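A.B. asks: So that you have it, the file is start-v2.pdb, and it contains PDB, C-alpha atoms:
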ATOM      1  CA  MET K   1    -109.638-155.194  19.380
ATOM      2  CA  PRO K   2    -109.833-151.565  18.256
ATOM      3  CA  ASP K   3    -106.462-149.843  18.025
ATOM      4  CA  VAL K   4    -106.176-148.540  21.556
ATOM      5  CA  THR K   5    -103.439-148.819  24.151
ATOM      6  CA  PRO K   6    -104.705-149.165  27.703
ATOM      7  CA  ALA K   7    -103.114-146.773  30.164
ATOM      8  CA  PRO K   8    -101.326-148.257  33.182
ATOM      9  CA  GLY K   9    -103.923-149.777  35.453
ATOM     10  CA  GLU K  10    -106.600-149.532  32.800
ATOM     11  CA  SER K  11    -108.262-152.628  31.355
ATOM     12  CA  GLU K  12    -108.746-153.240  27.652
ATOM     13  CA  PHE K  13    -112.468-152.912  28.238
ATOM     14  CA  ASP K  14    -111.974-149.477  29.809
ATOM     15  CA  ALA K  15    -109.727-148.356  26.965
ATOM     16  CA  VAL K  16    -112.068-149.544  24.228
ATOM     17  CA  PHE K  17    -115.281-148.279  25.772
ATOM     18  CA  GLY K  18    -113.421-145.120  26.753
ATOM     19  CA  LEU K  19    -113.391-144.219  23.059
ATOM     20  CA  ARG K  20    -116.931-143.103  23.814
ATOM     21  CA  ALA K  21    -116.285-141.516  27.176
ATOM     22  CA  ASP K  22    -119.774-140.115  27.599
ATOM     23  CA  LEU K  23    -121.396-143.484  27.027
ATOM     24  CA  PHE K  24    -118.820-145.256  29.177
ATOM     25  CA  ASP K  25    -119.494-143.006  32.152
ATOM     26  CA  ALA K  26    -123.225-143.601  31.851
ATOM     27  CA  TYR K  27    -122.665-147.332  31.406
ATOM     28  CA  ARG K  28    -120.533-147.517  34.536
ATOM     29  CA  ASP K  29    -123.187-145.687  36.538
ATOM     30  CA  PHE K  30    -125.834-148.125  35.308
ATOM     31  CA  GLU K  31    -123.756-151.279  35.721
ATOM     32  CA  ALA K  32    -122.635-150.354  39.232
ATOM     33  CA  VAL K  33    -126.108-149.638  40.570
ATOM     34  CA  PHE K  34    -126.936-153.330  40.937
ATOM     35  CA  TRP K  35    -124.193-153.665  43.537
ATOM     36  CA  SER K  36    -124.084-150.164  45.050
ATOM     37  CA  HIS K  37    -127.810-150.138  45.756
ATOM     38  CA  GLU K  38    -127.931-153.878  46.479
ATOM     39  CA  LEU K  39    -130.724-154.436  43.988
ATOM     40  CA  LEU K  40    -129.989-158.154  44.234
ATOM     41  CA  ASP K  41    -127.666-160.267  46.359
ATOM     42  CA  ALA K  42    -124.092-159.761  45.144
ATOM     43  CA  ALA K  43    -123.370-163.494  45.113
ATOM     44  CA  ILE K  44    -126.348-164.051  42.837
ATOM     45  CA  LEU K  45    -125.258-161.264  40.513
ATOM     46  CA  ASP K  46    -121.721-162.643  40.307
ATOM     47  CA  ALA K  47    -122.930-166.189  39.686
ATOM     48  CA  CYS K  48    -125.343-165.096  36.963
ATOM     49  CA  ARG K  49    -122.620-163.065  35.271
ATOM     50  CA  ALA K  50    -120.287-166.074  35.364
ATOM     51  CA  ARG K  51    -122.973-168.395  33.994
ATOM     52  CA  CYS K  52    -123.775-166.002  31.149
ATOM     53  CA  ALA K  53    -120.077-165.913  30.240
ATOM     54  CA  GLN K  54    -119.942-169.705  30.184
ATOM     55  CA  LEU K  55    -122.990-170.040  27.949
ATOM     56  CA  LEU K  56    -121.613-167.428  25.567
ATOM     57  CA  ARG K  57    -118.236-169.222  25.556
ATOM     58  CA  ALA K  58    -116.536-165.988  26.543
ATOM     59  CA  ALA K  59    -112.774-165.839  26.918
ATOM     60  CA  GLY K  60    -111.889-166.254  30.564
ATOM     61  CA  ALA K  61    -115.220-167.788  31.532
ATOM     62  CA  ALA K  62    -115.096-170.004  34.606
ATOM     63  CA  SER K  63    -114.313-173.617  33.809
ATOM     64  CA  GLU K  64    -115.845-174.975  36.991
ATOM     65  CA  PRO K  65    -119.631-175.416  37.097
ATOM     66  CA  VAL K  66    -121.659-172.400  38.158
ATOM     67  CA  ALA K  67    -124.606-173.909  39.978
ATOM     68  CA  ALA K  68    -126.570-173.726  43.201
ATOM     69  CA  ASP K  69    -126.119-176.379  45.867
ATOM     70  CA  ASP K  70    -129.744-175.997  46.919
ATOM     71  CA  PRO K  71    -132.200-176.383  44.011
ATOM     72  CA  SER K  72    -134.873-174.534  46.003
ATOM     73  CA  SER K  73    -132.691-171.497  46.660
ATOM     74  CA  ALA K  74    -132.887-167.994  45.240
ATOM     75  CA  LEU K  75    -129.600-168.637  43.486
ATOM     76  CA  ALA K  76    -130.983-171.694  41.725
ATOM     77  CA  ALA K  77    -134.094-169.829  40.592
ATOM     78  CA  CYS K  78    -132.040-166.910  39.302
ATOM     79  CA  LEU K  79    -129.535-169.132  37.509
ATOM     80  CA  THR K  80    -132.350-170.957  35.741
ATOM     81  CA  VAL K  81    -133.692-167.672  34.390
ATOM     82  CA  ALA K  82    -130.186-166.508  33.560
ATOM     83  CA  GLU K  83    -129.486-169.585  31.469
ATOM     84  CA  GLN K  84    -132.741-169.331  29.555
ATOM     85  CA  PHE K  85    -132.287-165.599  29.073
ATOM     86  CA  VAL K  86    -129.061-166.250  27.185
ATOM     87  CA  ILE K  87    -130.299-169.283  25.262
ATOM     88  CA  ASP K  88    -133.778-168.014  24.295
ATOM     89  CA  PRO K  89    -135.730-165.545  26.437
ATOM     90  CA  HIS K  90    -138.991-166.607  24.800
ATOM     91  CA  CYS K  91    -138.617-169.893  26.671
ATOM     92  CA  VAL K  92    -138.529-168.309  30.117
ATOM     93  CA  THR K  93    -141.717-169.745  31.580
ATOM     94  CA  PRO K  94    -144.136-168.190  34.088
ATOM     95  CA  GLU K  95    -142.991-170.860  36.532
ATOM     96  CA  MET K  96    -139.386-169.739  36.170
ATOM     97  CA  ARG K  97    -140.391-166.128  36.820
ATOM     98  CA  GLU K  98    -142.563-167.060  39.773
ATOM     99  CA  ALA K  99    -139.714-169.023  41.335
ATOM    100  CA  VAL K 100    -137.569-165.878  41.291
ATOM    101  CA  ILE K 101    -140.401-163.687  42.591
ATOM    102  CA  ALA K 102    -140.982-166.101  45.468
ATOM    103  CA  HIS K 103    -137.483-165.319  46.708
ATOM    104  CA  VAL K 104    -136.817-161.700  45.743
ATOM    105  CA  GLY K 105    -140.181-160.210  44.791
ATOM    106  CA  ASP K 106    -141.264-158.437  41.632
ATOM    107  CA  ALA K 107    -138.625-155.742  41.994
ATOM    108  CA  GLY K 108    -135.971-158.412  42.400
ATOM    109  CA  LEU K 109    -137.063-160.084  39.185
ATOM    110  CA  VAL K 110    -136.820-156.762  37.366
ATOM    111  CA  ALA K 111    -133.342-156.211  38.783
ATOM    112  CA  LEU K 112    -132.305-159.692  37.712
ATOM    113  CA  VAL K 113    -133.505-159.246  34.144
ATOM    114  CA  GLU K 114    -131.856-155.833  33.845
ATOM    115  CA  ALA K 115    -128.614-157.251  35.173
ATOM    116  CA  LEU K 116    -128.838-160.169  32.745
ATOM    117  CA  ALA K 117    -129.264-157.726  29.877
ATOM    118  CA  VAL K 118    -126.017-156.049  30.939
ATOM    119  CA  PHE K 119    -124.148-159.315  31.428
ATOM    120  CA  ASP K 120    -125.340-160.832  28.160
ATOM    121  CA  GLY K 121    -124.926-157.714  26.080
ATOM    122  CA  PHE K 122    -121.524-156.716  27.334
ATOM    123  CA  THR K 123    -120.166-160.251  27.239
ATOM    124  CA  ARG K 124    -121.051-160.198  23.551
ATOM    125  CA  PHE K 125    -119.494-156.717  23.306
ATOM    126  CA  ARG K 126    -116.212-158.058  24.708
ATOM    127  CA  THR K 127    -116.257-161.134  22.478
ATOM    128  CA  LEU K 128    -117.059-159.243  19.298
ATOM    129  CA  LEU K 129    -114.310-156.690  19.918
ATOM    130  CA  GLY K 130    -111.760-159.249  21.090
ATOM    131  CA  ILE K 131    -111.310-157.648  24.494
ATOM    132  CA  ALA K 132    -109.218-159.626  26.947
ATOM    133  CA  PRO K 133    -111.019-160.924  30.024
ATOM    134  CA  GLU K 134    -110.438-159.420  33.427
ATOM    135  CA  ALA K 135    -111.172-160.559  36.937
ATOM    136  CA  ALA K 136    -114.802-160.265  37.955
ATOM    137  CA  SER K 137    -115.428-157.301  40.183
ATOM    138  CA  ALA K 138    -118.340-155.418  41.579
TER     139      ALA K 138
ATOM    140  CA  MET L 139    -141.029-139.173  33.038
ATOM    141  CA  ALA L 140    -144.415-140.246  34.460
ATOM    142  CA  ASP L 141    -146.004-140.342  31.004
ATOM    143  CA  ASP L 142    -143.175-142.295  29.479
ATOM    144  CA  ALA L 143    -143.991-145.863  28.440
ATOM    145  CA  ILE L 144    -140.752-147.177  29.888
ATOM    146  CA  ALA L 145    -141.241-145.342  33.149
ATOM    147  CA  ASN L 146    -144.682-146.910  33.465
ATOM    148  CA  SER L 147    -143.366-150.388  32.779
ATOM    149  CA  PRO L 148    -142.088-152.935  35.328
ATOM    150  CA  LEU L 149    -138.710-151.200  35.027
ATOM    151  CA  ALA L 150    -140.134-148.554  37.356
ATOM    152  CA  LEU L 151    -139.961-151.099  40.171
ATOM    153  CA  GLN L 152    -136.238-150.328  40.205
ATOM    154  CA  PRO L 153    -136.139-146.523  39.984
ATOM    155  CA  GLU L 154    -132.406-146.177  40.662
ATOM    156  CA  ALA L 155    -131.588-148.544  37.808
ATOM    157  CA  LEU L 156    -134.211-146.998  35.542
ATOM    158  CA  GLN L 157    -132.861-143.487  36.037
ATOM    159  CA  ARG L 158    -129.358-144.591  35.070
ATOM    160  CA  PHE L 159    -130.580-146.713  32.178
ATOM    161  CA  LEU L 160    -132.494-143.791  30.706
ATOM    162  CA  VAL L 161    -129.377-141.624  30.824
ATOM    163  CA  LEU L 162    -127.361-144.298  29.037
ATOM    164  CA  TYR L 163    -130.076-145.036  26.491
ATOM    165  CA  GLY L 164    -130.684-141.363  25.852
ATOM    166  CA  LEU L 165    -127.007-140.735  25.176
ATOM    167  CA  LEU L 166    -126.857-143.737  22.878
ATOM    168  CA  TRP L 167    -129.607-142.317  20.710
ATOM    169  CA  SER L 168    -128.781-138.627  20.885
ATOM    170  CA  HIS L 169    -125.009-138.689  20.426
ATOM    171  CA  GLY L 170    -122.375-140.693  18.623
ATOM    172  CA  GLU L 171    -120.551-141.588  15.454
ATOM    173  CA  VAL L 172    -123.286-143.775  13.952
ATOM    174  CA  ASP L 173    -126.085-141.869  12.290
ATOM    175  CA  HIS L 174    -129.600-142.150  13.646
ATOM    176  CA  THR L 175    -130.975-143.964  10.599
ATOM    177  CA  ALA L 176    -128.399-146.715  10.872
ATOM    178  CA  LYS L 177    -129.090-147.105  14.577
ATOM    179  CA  GLU L 178    -132.810-147.418  13.975
ATOM    180  CA  ILE L 179    -132.331-149.974  11.205
ATOM    181  CA  ALA L 180    -130.042-151.977  13.486
ATOM    182  CA  ARG L 181    -132.594-151.776  16.286
ATOM    183  CA  LEU L 182    -135.380-153.024  14.033
ATOM    184  CA  ARG L 183    -133.193-155.780  12.630
ATOM    185  CA  ASN L 184    -132.254-156.874  16.127
ATOM    186  CA  ALA L 185    -135.915-156.927  17.151
ATOM    187  CA  ARG L 186    -136.803-159.053  14.141
ATOM    188  CA  ILE L 187    -133.985-161.537  14.689
ATOM    189  CA  THR L 188    -134.869-161.944  18.354
ATOM    190  CA  ASP L 189    -138.609-162.025  17.650
ATOM    191  CA  CYS L 190    -139.149-159.042  19.888
ATOM    192  CA  GLY L 191    -142.548-157.344  19.719
ATOM    193  CA  TYR L 192    -141.097-153.926  20.395
TER     194      TYR L 192
END
Rewrite the structure from the file as structure tokens, please.
C.D. replies:
Amino acid sequence: MPDVTPAPGESEFDAVFGLRADLFDAYRDFEAVFWSHELLDAAILDACRARCAQLLRAAGAASEPVAADDPSSALAACLTVAEQFVIDPHCVTPEMREAVIAHVGDAGLVALVEALAVFDGFTRFRTLLGIAPEAASA
Amino acid sequence: MADDAIANSPLALQPEALQRFLVLYGLLWSHGEVDHTAKEIARLRNARITDCGY
């Protein structure tokens, strides 16, 4: 991890990213919008974030399976895309996309893919910089 | 923003997210410790590695 000392109540992630305060503020605004504007169901967002962390073998990733009980659900469709997004986005098929659209529409698919970009990218960010995990939050 | 390629892409289906993304992306490219040339080379290298057409 970069040589920073988190302030009381501050996470390592906050302290590290806070080295670029302007970017961090803009990042937080972007990352929060998925929940604050309910661009996608919060449970789906949380599950996709957890699944991305598992696939990327991130420190602190959930050890229990992250899966949908109902294979025809929106959660199942979104998790399928989430997994393939991390593994190889070229292998996301039209059928996978259509399954998501059937539940959440075109705008929902866009929100999902944007959220996955954040989850994937910033999980890698944490791993590369050796940032300790923290509890998932909205 | 209406003439912008990104703003005319599917990202526009989520205007609240797009607005915030553009702020973040704009700051990333217009400010910082890493010089612009290095950023652009990294971007191109990333696109090549991930077989991205952009």
A.B. asks: Restricting the calculation to all atoms listed in the file, which member of L:Ala185, L:Leu156, L:Cys190, L:Leu151 is positioned closest to chain K?
C.D. replies: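 Checking each of L:Ala185, L:Leu156, L:Cys190, L:Leu151 against chain K, counting all atoms listed in the file, the winner is L:Leu151.
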A.B. asks: I want to know what sits within 12 Å of Leu112 in chain K, based on all atoms listed in the file, with residues of the same chain fewer than 3 positions away left out; could you give that as a PyMOL selection string?
C.D. replies: (chain K and resi 34-35+38-42+44-49+74-75+77-82+85+97+100-101+103-109+115-120) or (chain L and resi 149+151-152+155)
A.B. asks: Have a look at CA of Glu178 in chain L and CA of Leu165 in chain L and let me know their distance in Å, one decimal.
C.D. replies: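 Going from CA of Glu178 in chain L over to CA of Leu165 in chain L, I get 14.3 Å.
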A.B. asks: Please enumerate the residues selected by the ChimeraX specification (/K :<10) & /L when evaluated against the supplied file, formatted as a PyMOL selection string.
C.D. replies: chain L and resi 148-166+169-171+188-190
A.B. asks: Do you have the CA of Ala143 in chain L-CA of Cys52 in chain K distance handy?
C.D. replies: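 Computed distance, CA of Ala143 in chain L to CA of Cys52 in chain K, equals 28.7 Å.
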A.B. asks: Could you work out how far CA of Thr127 in chain K lies from CA of Gln54 in chain K, giving the answer in Å with one decimal?
C.D. replies: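 We find that CA of Gln54 in chain K and CA of Thr127 in chain K lie 12.1 Å from each other.
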